[in-house]
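Shown below: structure-v8.txt, with compact mmCIF, C-alpha atoms.
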# COMPACT_ATOMS: atom_id res chain seq x y z
CA MET A 1 0.00 0.00 0.00
CA ALA A 2 1.44 3.32 -1.02
CA ASP A 3 0.33 5.12 2.11
CA GLU A 4 1.20 2.39 4.60
CA PRO A 5 4.33 3.98 6.06
CA GLN A 6 2.59 7.26 6.88
CA SER A 7 -0.21 5.49 8.72
CA ASP A 8 2.39 4.18 11.19
CA PRO A 9 4.22 7.24 12.50
CA ARG A 10 6.64 5.09 14.54
CA ALA A 11 7.81 3.21 11.45
CA LEU A 12 7.99 6.43 9.48
CA TRP A 13 10.02 8.07 12.26
CA GLN A 14 12.45 5.18 12.70
CA ASN A 15 12.94 4.69 8.97
CA GLN A 16 13.61 8.30 8.10
CA PRO A 17 16.91 8.69 6.28
CA THR A 18 19.78 9.80 8.51
CA GLU A 19 23.00 11.41 7.40
CA GLY A 20 25.09 9.00 9.42
CA VAL A 21 26.67 11.91 11.26
CA SER A 22 28.82 10.49 13.99
CA MET A 23 31.99 11.34 15.83
CA SER A 24 34.75 8.87 16.46
CA ALA A 25 35.92 8.41 20.04
CA ASP A 26 39.16 10.20 19.12
CA ALA A 27 37.36 13.15 17.53
CA VAL A 28 35.00 13.59 20.46
CA ARG A 29 37.87 13.27 22.95
CA ARG A 30 39.83 15.97 21.06
CA LYS A 31 36.80 18.28 20.97
CA SER A 32 36.07 17.68 24.64
CA ASP A 33 39.71 18.42 25.54
CA GLN A 34 39.61 21.62 23.45
CA LEU A 35 36.53 22.83 25.29
CA GLN A 36 38.05 21.97 28.66
CA ASP A 37 41.27 23.77 27.70
CA SER A 38 39.37 26.87 26.71
CA ALA A 39 37.44 26.77 29.99
CA ARG A 40 40.73 26.37 31.87
CA ARG A 41 42.21 29.35 29.97
CA ARG A 42 39.18 31.48 30.87
CA ILE A 43 39.55 30.57 34.54
CA ALA A 44 43.32 31.21 34.43
CA ALA A 45 42.69 34.63 32.80
CA PHE A 46 40.18 35.46 35.52
CA TYR A 47 42.64 34.60 38.30
CA ALA A 48 45.45 36.45 36.51
CA MET A 49 43.22 39.52 36.36
CA GLY A 50 42.41 39.12 40.05
CA ALA A 51 46.10 38.70 40.88
CA ALA A 52 46.96 41.84 38.87
CA ASN A 53 44.22 43.83 40.57
CA ALA A 54 45.45 42.80 43.98
CA GLY A 55 49.17 42.63 43.14
CA ILE A 56 49.70 45.98 41.40
CA PRO A 57 48.44 48.05 44.38
CA LEU A 58 50.67 45.91 46.63
CA VAL A 59 53.73 46.83 44.54
CA VAL A 60 52.71 50.49 44.38
CA MET A 61 52.31 50.49 48.17
CA TRP A 62 55.98 49.66 48.44
CA PHE A 63 56.99 52.78 46.48
CA LEU A 64 54.25 55.13 47.76
CA PRO A 65 53.78 54.39 51.43
CA GLU A 66 51.71 57.58 51.73
CA LEU A 67 48.90 55.83 49.82
CA ARG A 68 49.08 52.62 51.83
CA LEU A 69 45.60 52.96 53.29
CA GLY A 70 43.81 53.47 49.95
CA LEU A 71 45.88 50.85 48.13
CA GLY A 72 45.35 48.35 50.94
CA TYR A 73 41.64 48.90 50.54
CA LEU A 74 41.99 48.18 46.78
CA VAL A 75 43.78 44.90 47.50
CA LEU A 76 41.07 43.83 49.91
CA THR A 77 38.23 44.58 47.49
CA ALA A 78 40.04 42.77 44.63
CA VAL A 79 40.43 39.67 46.81
CA PHE A 80 36.80 39.93 47.89
CA LEU A 81 35.55 40.17 44.29
CA VAL A 82 37.65 37.17 43.17
CA ALA A 83 36.26 35.13 46.08
CA PHE A 84 32.72 36.31 45.26
CA VAL A 85 32.96 35.24 41.61
CA ARG A 86 34.67 31.96 42.52
CA ARG A 87 31.92 31.06 44.97
CA ARG A 88 29.25 31.76 42.35
CA SER A 89 30.85 29.88 39.46
CA GLY A 90 30.62 26.21 40.33
CA SER A 91 29.86 23.35 37.96
CA ARG A 92 26.98 24.05 35.55
CA THR A 93 26.54 20.62 34.04
CA VAL A 94 23.32 18.70 34.24
CA SER A 95 24.36 15.29 35.54
CA PRO A 96 23.51 12.49 33.14
CA SER A 97 22.25 10.40 36.02
CA MET A 98 19.40 12.92 36.34
CA THR A 99 16.20 12.15 34.57
CA PRO A 100 15.09 14.90 32.15
CA ALA A 101 12.47 16.02 34.71
CA GLN A 102 15.20 16.44 37.35
CA GLY A 103 17.39 18.04 34.68
CA LEU A 104 14.76 20.71 34.06
CA ALA A 105 14.51 21.46 37.79
CA PHE A 106 18.30 21.64 38.00
CA TYR A 107 18.39 23.94 34.98
CA ARG A 108 15.84 26.21 36.65
CA ASP A 109 18.08 26.45 39.72
CA LEU A 110 21.02 27.38 37.52
CA LEU A 111 18.99 30.12 35.86
CA ALA A 112 17.91 31.44 39.27
CA ARG A 113 21.53 31.40 40.41
CA GLU A 114 22.65 33.32 37.31
CA ARG A 115 19.85 35.83 37.84
CA ASP A 116 20.82 36.37 41.48
CA PHE A 117 24.48 36.63 40.51
CA ARG A 118 23.63 39.46 38.07
CA ARG A 119 21.45 41.18 40.66
CA ASP A 120 24.14 40.96 43.35
CA SER A 121 26.81 41.96 40.84
CA THR A 122 24.89 45.17 40.11
CA ARG A 123 25.54 46.05 43.74
CA TRP A 124 29.06 44.70 44.25
CA PHE A 125 30.56 45.61 40.90
CA THR A 126 29.30 49.18 40.98
CA ILE A 127 29.32 50.23 44.63
CA GLY A 128 32.64 48.40 45.22
CA PRO A 129 34.69 50.07 42.46
CA ALA A 130 32.98 53.43 43.12
CA LEU A 131 34.00 53.29 46.79
CA ASN A 132 37.48 52.16 45.74
CA ILE A 133 38.12 55.14 43.56
CA VAL A 134 36.61 57.61 46.05
CA VAL A 135 38.72 56.21 48.90
CA LEU A 136 41.86 56.22 46.75
CA SER A 137 41.23 59.81 45.66
CA LEU A 138 40.64 60.95 49.24
CA VAL A 139 43.76 59.19 50.49
CA TYR A 140 45.79 60.77 47.70
CA VAL A 141 44.39 64.23 48.40
CA ALA A 142 45.16 63.82 52.11
CA SER A 143 48.70 62.56 51.46
CA PRO A 144 51.84 64.70 51.17
CA LEU A 145 52.02 63.67 47.49
CA PHE A 146 49.13 66.01 46.69
CA HIS A 147 50.10 69.63 45.99
CA GLY A 148 46.71 70.94 44.90
CA THR A 149 47.81 71.89 41.38
CA THR A 150 45.26 72.29 38.59
CA ALA A 151 46.83 69.38 36.71
CA GLU A 152 46.41 67.06 39.70
CA LEU A 153 42.81 68.13 40.26
CA ALA A 154 42.06 67.69 36.55
CA VAL A 155 43.48 64.14 36.57
CA ILE A 156 41.47 63.20 39.70
CA GLY A 157 38.34 64.76 38.18
CA MET A 158 38.88 62.85 34.93
CA ILE A 159 39.37 59.53 36.73
CA LEU A 160 36.23 60.08 38.81
CA ALA A 161 34.19 61.11 35.74
CA THR A 162 35.39 58.08 33.76
CA HIS A 163 34.35 55.80 36.62
CA VAL A 164 30.93 57.40 36.83
CA VAL A 165 30.40 56.90 33.08
CA VAL A 166 31.66 53.29 33.04
CA LEU A 167 29.75 52.24 36.16
CA ALA A 168 26.59 53.99 34.96
CA ARG A 169 26.77 51.81 31.83
CA ILE A 170 27.57 48.55 33.65
CA ALA A 171 24.69 48.74 36.15
CA PRO A 172 21.80 48.76 33.61
CA ARG A 173 23.53 46.04 31.57
CA LEU A 174 23.69 43.75 34.59
CA ARG A 175 20.07 44.55 35.45
CA ASN A 176 19.04 43.69 31.86
CA GLU A 177 20.87 40.37 32.08
CA ALA A 178 19.11 39.60 35.37
CA ARG A 179 15.77 40.39 33.70
CA LYS A 180 16.66 38.08 30.78
CA PHE A 181 17.28 35.19 33.18
CA GLN A 182 14.01 35.95 34.96
CA THR A 183 12.20 35.79 31.58
CA GLU A 184 13.75 32.37 30.97
CA ILE A 185 12.67 31.19 34.41
CA ASP A 186 9.12 32.42 33.75
CA ALA A 187 9.14 30.59 30.41
CA LEU A 188 10.35 27.42 32.08
CA ASP A 189 7.69 27.68 34.80
CA GLY A 190 5.12 28.21 32.08
CA LEU A 191 6.29 25.03 30.32
CA ALA A 192 6.18 23.02 33.50
CA ALA A 193 2.70 24.23 34.42
CA MET B 1 33.83 3.73 37.42
CA ALA B 2 32.06 1.61 34.84
CA ALA B 3 30.42 -1.41 36.40
CA THR B 4 31.60 -3.82 33.75
CA GLY B 5 35.12 -2.49 33.54
CA LYS B 6 34.80 -1.10 30.02
CA ASP B 7 36.54 2.20 29.41
CA ALA B 8 34.74 5.35 28.29
CA ALA B 9 35.98 5.13 24.69
CA GLU B 10 34.73 1.58 24.31
CA ARG B 11 31.38 2.47 25.82
CA TYR B 12 31.12 5.54 23.64
CA GLU B 13 31.72 3.46 20.50
CA GLU B 14 29.13 0.97 21.72
CA ALA B 15 26.60 3.72 22.48
CA THR B 16 27.00 5.53 19.17
CA ALA B 17 26.94 2.31 17.17
CA ALA B 18 23.64 1.32 18.80
CA HIS B 19 22.00 4.73 19.18
CA GLY B 20 23.82 7.07 16.74
CA ALA B 21 20.89 7.18 14.32
CA ALA B 22 18.42 7.80 17.18
CA LEU B 23 20.58 10.71 18.38
CA GLU B 24 20.49 12.15 14.88
CA ARG B 25 16.70 11.86 14.80
CA LEU B 26 16.50 13.44 18.24
CA ALA B 27 18.62 16.42 17.09
CA ARG B 28 16.33 16.79 14.08
CA ALA B 29 13.32 16.88 16.39
CA TYR B 30 14.88 19.66 18.45
CA GLU B 31 16.50 21.77 15.76
CA ALA B 32 15.06 22.75 12.38
CA ASP B 33 18.11 24.75 11.34
CA PRO B 34 20.78 22.42 9.84
CA ASP B 35 23.78 24.28 11.28
CA ARG B 36 22.31 24.45 14.76
CA ARG B 37 21.30 20.81 14.44
CA ARG B 38 24.89 19.84 13.67
CA ASP B 39 26.09 21.89 16.66
CA LEU B 40 23.50 20.27 18.89
CA LEU B 41 24.47 16.79 17.74
CA GLN B 42 28.10 17.57 18.44
CA GLU B 43 27.17 18.90 21.88
CA ILE B 44 25.23 15.71 22.59
CA HIS B 45 28.18 13.53 21.54
CA ILE B 46 30.56 15.52 23.75
CA ALA B 47 28.16 15.38 26.71
CA LEU B 48 27.80 11.65 26.16
CA TRP B 49 31.55 11.17 25.98
CA ARG B 50 32.09 13.10 29.22
CA SER B 51 29.26 11.35 30.99
CA LEU B 52 30.31 7.80 30.20
CA ALA B 53 33.23 7.91 32.62
CA GLY B 54 30.58 8.07 35.35
CA PHE B 55 28.30 5.40 33.91
CA ASP B 56 27.73 2.98 36.76
CA GLY B 57 25.46 0.44 35.08
CA ARG B 58 22.54 1.18 37.40
CA CYS B 59 20.42 1.84 34.32
CA SER B 60 20.78 0.49 30.80
CA LEU B 61 23.16 2.17 28.36
CA ARG B 62 20.16 3.07 26.21
CA THR B 63 18.45 4.88 29.12
CA TRP B 64 21.70 6.70 29.92
CA VAL B 65 22.22 7.79 26.30
CA TYR B 66 18.68 9.15 26.03
CA ARG B 67 18.92 10.99 29.36
CA VAL B 68 22.14 12.70 28.34
CA ALA B 69 20.77 13.54 24.90
CA HIS B 70 17.48 14.94 26.19
CA ASN B 71 19.13 16.93 28.98
CA THR B 72 21.57 18.46 26.51
CA ALA B 73 18.95 19.20 23.86
CA THR B 74 16.43 20.62 26.33
CA SER B 75 19.01 22.91 27.92
CA GLN B 76 19.87 24.25 24.48
CA VAL B 77 16.23 24.79 23.55
CA ILE B 78 15.51 26.62 26.81
CA ARG B 79 18.58 28.81 26.37
CA ARG B 80 17.03 30.14 23.17
CA ARG B 81 13.43 30.17 24.45
CA THR B 82 13.09 33.95 24.39
CA ASN B 83 13.06 33.99 20.57
CA ALA B 84 11.20 30.74 20.07
CA PRO B 85 7.46 30.42 19.50
CA THR B 86 5.36 29.39 22.48
CA LEU B 87 5.70 25.71 23.33
CA VAL B 88 2.59 23.84 24.35
CA GLY B 89 1.54 20.65 26.12
CA LEU B 90 -0.07 17.54 24.66
CA ASP B 91 -3.54 18.63 25.77
CA GLN B 92 -3.23 21.87 23.79
CA VAL B 93 -1.84 20.05 20.75
CA GLU B 94 -4.83 17.72 20.88
CA ALA B 95 -7.13 20.70 20.44
CA MET B 96 -5.07 22.22 17.62
CA PRO B 97 -6.01 21.50 14.00
CA ALA B 98 -3.41 19.75 11.86
CA ASP B 99 -1.52 21.98 9.41
CA ASP B 100 -3.46 20.63 6.46
CA ASN B 101 -6.68 19.76 8.28
CA GLY B 102 -5.63 16.17 8.78
CA HIS B 103 -5.31 15.53 5.08
CA LEU B 104 -1.93 14.07 4.23
CA GLU B 105 -1.09 12.88 0.78
CA ALA B 106 0.84 9.67 0.20
CA ASP B 107 4.01 11.64 0.66
CA GLN B 108 6.41 10.48 3.34
CA HIS B 109 8.29 13.75 3.32
CA ARG B 110 5.18 15.75 4.14
CA ALA B 111 4.15 13.23 6.78
CA MET B 112 7.60 13.53 8.34
CA GLN B 113 7.32 17.31 8.35
CA GLN B 114 3.96 16.97 10.06
CA ILE B 115 5.52 14.87 12.83
CA LEU B 116 8.46 17.26 13.22
CA THR B 117 6.15 20.30 13.41
CA LEU B 118 4.12 18.56 16.08
CA VAL B 119 7.17 17.48 18.10
CA ARG B 120 8.91 20.86 17.92
CA ALA B 121 5.78 22.63 19.21
CA LEU B 122 5.75 20.58 22.40
CA ALA B 123 7.07 21.56 25.82
CA PRO B 124 10.21 19.64 26.92
CA LEU B 125 8.75 16.74 28.89
CA ASP B 126 5.96 16.06 26.40
CA ARG B 127 8.51 16.31 23.61
CA GLN B 128 10.73 13.77 25.33
CA VAL B 129 7.86 11.36 25.82
CA ILE B 130 6.68 11.56 22.21
CA LEU B 131 10.23 11.12 20.88
CA LEU B 132 10.83 8.07 23.04
CA TYR B 133 7.47 6.69 21.95
CA LEU B 134 8.38 7.25 18.31
CA GLU B 135 11.68 5.46 18.93
CA GLY B 136 9.64 2.41 19.84
CA MET B 137 10.01 2.45 23.62
CA ASP B 138 7.27 1.13 25.88
CA ALA B 139 5.81 3.08 28.83
CA ALA B 140 8.15 1.47 31.39
CA ALA B 141 11.26 2.39 29.39
CA ILE B 142 9.96 5.94 28.82
CA GLY B 143 9.40 6.24 32.57
CA ASP B 144 13.00 5.10 33.21
CA VAL B 145 14.41 7.77 30.94
CA THR B 146 12.18 10.68 31.89
CA GLY B 147 11.63 9.94 35.57
CA LEU B 148 7.87 10.26 35.12
CA SER B 149 5.58 7.81 36.89
CA SER B 150 4.24 4.95 34.80
CA GLY B 151 0.69 6.30 35.19
CA ASN B 152 1.76 9.70 33.93
CA VAL B 153 3.61 8.15 30.98
CA ALA B 154 0.62 5.95 30.16
CA THR B 155 -1.66 9.00 30.06
CA LYS B 156 0.76 10.89 27.85
CA VAL B 157 1.30 7.93 25.53
CA HIS B 158 -2.46 7.50 25.24
CA ARG B 159 -2.81 11.13 24.18
CA ILE B 160 0.12 10.86 21.78
CA LYS B 161 -1.43 7.80 20.13
CA LYS B 162 -4.72 9.66 19.83
CA ILE B 163 -3.11 12.75 18.29
CA LEU B 164 -0.96 10.74 15.89
CA GLY B 165 -3.93 8.50 15.06
CA GLN B 166 -6.12 11.47 14.23
CA ARG B 167 -3.53 13.04 12.03
CA PHE B 168 -2.08 10.04 10.27
CA HIS B 169 -4.78 7.41 9.96
CA GLU B 170 -7.17 10.08 8.81
CA GLY B 171 -4.61 11.20 6.25
CA GLY B 172 -4.01 7.60 5.23
CA ARG B 173 -7.72 6.92 4.70
CA ARG B 174 -8.18 10.06 2.66
CA GLY B 175 -5.12 9.21 0.57
CA ARG B 176 -6.64 5.90 -0.57

Could I get this structure in the form of structure tokens?
Amino acid sequence: MADEPQSDPRALWQNQPTEGVSMSADAVRRKSDQLQDSARRRIAAFYAMGAANAGIPLVVMWFLPELRLGLGYLVLTAVFLVAFVRRRSGSRTVSPSMTPAQGLAFYRDLLARERDFRRDSTRWFTIGPALNIVVLSLVYVASPLFHGTTAELAVIGMILATHVVVLARIAPRLRNEARKFQTEIDALDGLAA
Amino acid sequence: MAATGKDAAERYEEATAAHGAALERLARAYEADPDRRRDLLQEIHIALWRSLAGFDGRCSLRTWVYRVAHNTATSQVIRRRTNAPTLVGLDQVEAMPADDNGHLEADQHRAMQQILTLVRALAPLDRQVILLYLEGMDAAAIGDVTGLSSGNVATKVHRIKKILGQRFHEGGRRGR
């Protein structure tokens, strides 16, 4: 019968032509290693950035003891931010031993965690750096290194203005990302309902 | 560690030899775009490769492969949900008219498109159940993979059969 296959959707589905796309064990191992390497590089870059942010003020402290207080504060906040990000960036893989229903619940938790991370980051990555630069500026102004020249005031003003502009752009971006994750969570809840 | 002492590479070869075609069909059910489908298939293979080191033999290799594949595919679909059309449940699909009012010509390609359209419109769990049903699994095996109770699976499978029956047998009769 010409229409027999279509009257049995299971047979039609199982007999559909496939392209025979497959990956050899070697190919998939190579690809997996590449992805892990790139993840490792990203993590290494993050820690290098954290080390630079904490290490450079430490070195400068050695040469400019007058700014020790402000620079010490910078070191502390850099260490705090690295610890904050590290704590929030655990494994994100759905375990294969989970059933798809558990996988969906796990995925929802991940989305909620990402959303909260963005919301918290709006606070910590804007208030933190803003306080940093204000404290550093005040310590500099109070130190014997400051002579009150127009050039010095202009540089401090420029640094403060740049920070205001950059932080004013970062905050709404983080809030938008948090909203995007919330939209995904709502969609997922809608699907589960 | 693997219960039977096989290494991950050996298990991977075994899994793809037995279920490679099913994984390809699964990717097709999740992704209409060929490039994204290829990416998804690759992602599934990598997830499977990574997972097999932890395969402990407490479930069958087939169940494991399908769990990994569905978890990977569903995560990808949800990641792009904001731009996707609204996904629905089986009960809503039941009430929806078929694309061509149930009339399918004796054309396997069109029938296949009809199935794919139906599957891609479904919410994740319903999609997983219908795909496993189409792969020929019984309710118990579908329950093993999805974690749904056998009663829940039976209800869903009953609805799936009804929907597919309405759309395909009707089309088949009209085609004669």

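For the point (15.8, 23.5, 36.0), the residues with at least one atom inside 10 Å, counting all atoms listed in the file, are A:Val94, A:Pro100, A:Ala101, A:Gln102, A:Gly103, A:Leu104, A:Ala105, A:Phe106, A:Tyr107, A:Arg108, A:Asp109, A:Leu110, A:Leu111, A:Ala112, A:Ile185, A:Leu188, A:Asp189, A:Ala192, B:Ser75, B:Ile78.
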
Item to check | Computed interatomic separation between atom CA of Ala18 of chain B and atom CA of Leu61 of chain B (Å) | outcome: 9.6 Å

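Residues with any atom within 6 Å of segment 26-32 of chain B, counting only C-alpha atoms and excluding same-chain neighbours fewer than 3 positions away, are Leu23, Arg37, Leu41 and Leu116 of chain B.
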
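In this structure, atom CA of Val28 of chain A sits 12.8 Å away from atom CA of Asp39 of chain B.
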
Checklist entry - Which residue out of A:Glu152, A:Gly157, A:Met98, A:Arg173 has the minimum interatomic distance to Thr122 of chain A when only C-alpha atoms are used? => result A:Arg173

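Here atom CA of Ser149 of chain B stands at a distance of 11.8 Å from atom CA of Val129 of chain B.
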
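The nearest approach to chain B among the residues A:Arg87, A:Arg179, A:Arg123, A:Arg41, with all atoms listed in the file taken into account, belongs to A:Arg179.
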
Next on the checklist: Restricting the calculation to all atoms listed in the file: of B:Ala9, B:His70, B:Ala22, B:Arg62, which residue gets closest to Ile44 of chain B?
Outcome noted: B:His70

Item to check | Polymer residues at most 12 Å from Val155 of chain A, all atoms listed in the file, same-chain spacing of 4 or more positions, as a list in words | outcome: Ser137, Tyr140, Val141, Phe146, Gly148, Thr149, Thr150, Ala151, Ile159, Leu160, Ala161 and Thr162 of chain A

Checklist entry - Between B:Leu164, B:Asp7, B:Asp35, B:Leu118, which has the minimum distance to Asp56 of chain B (counting all atoms listed in the file)? => result B:Asp7

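Shortest atom-to-atom contact with chain B among A:Leu81, A:Pro65, A:Leu131, A:Thr99: A:Thr99, counting only C-alpha atoms.
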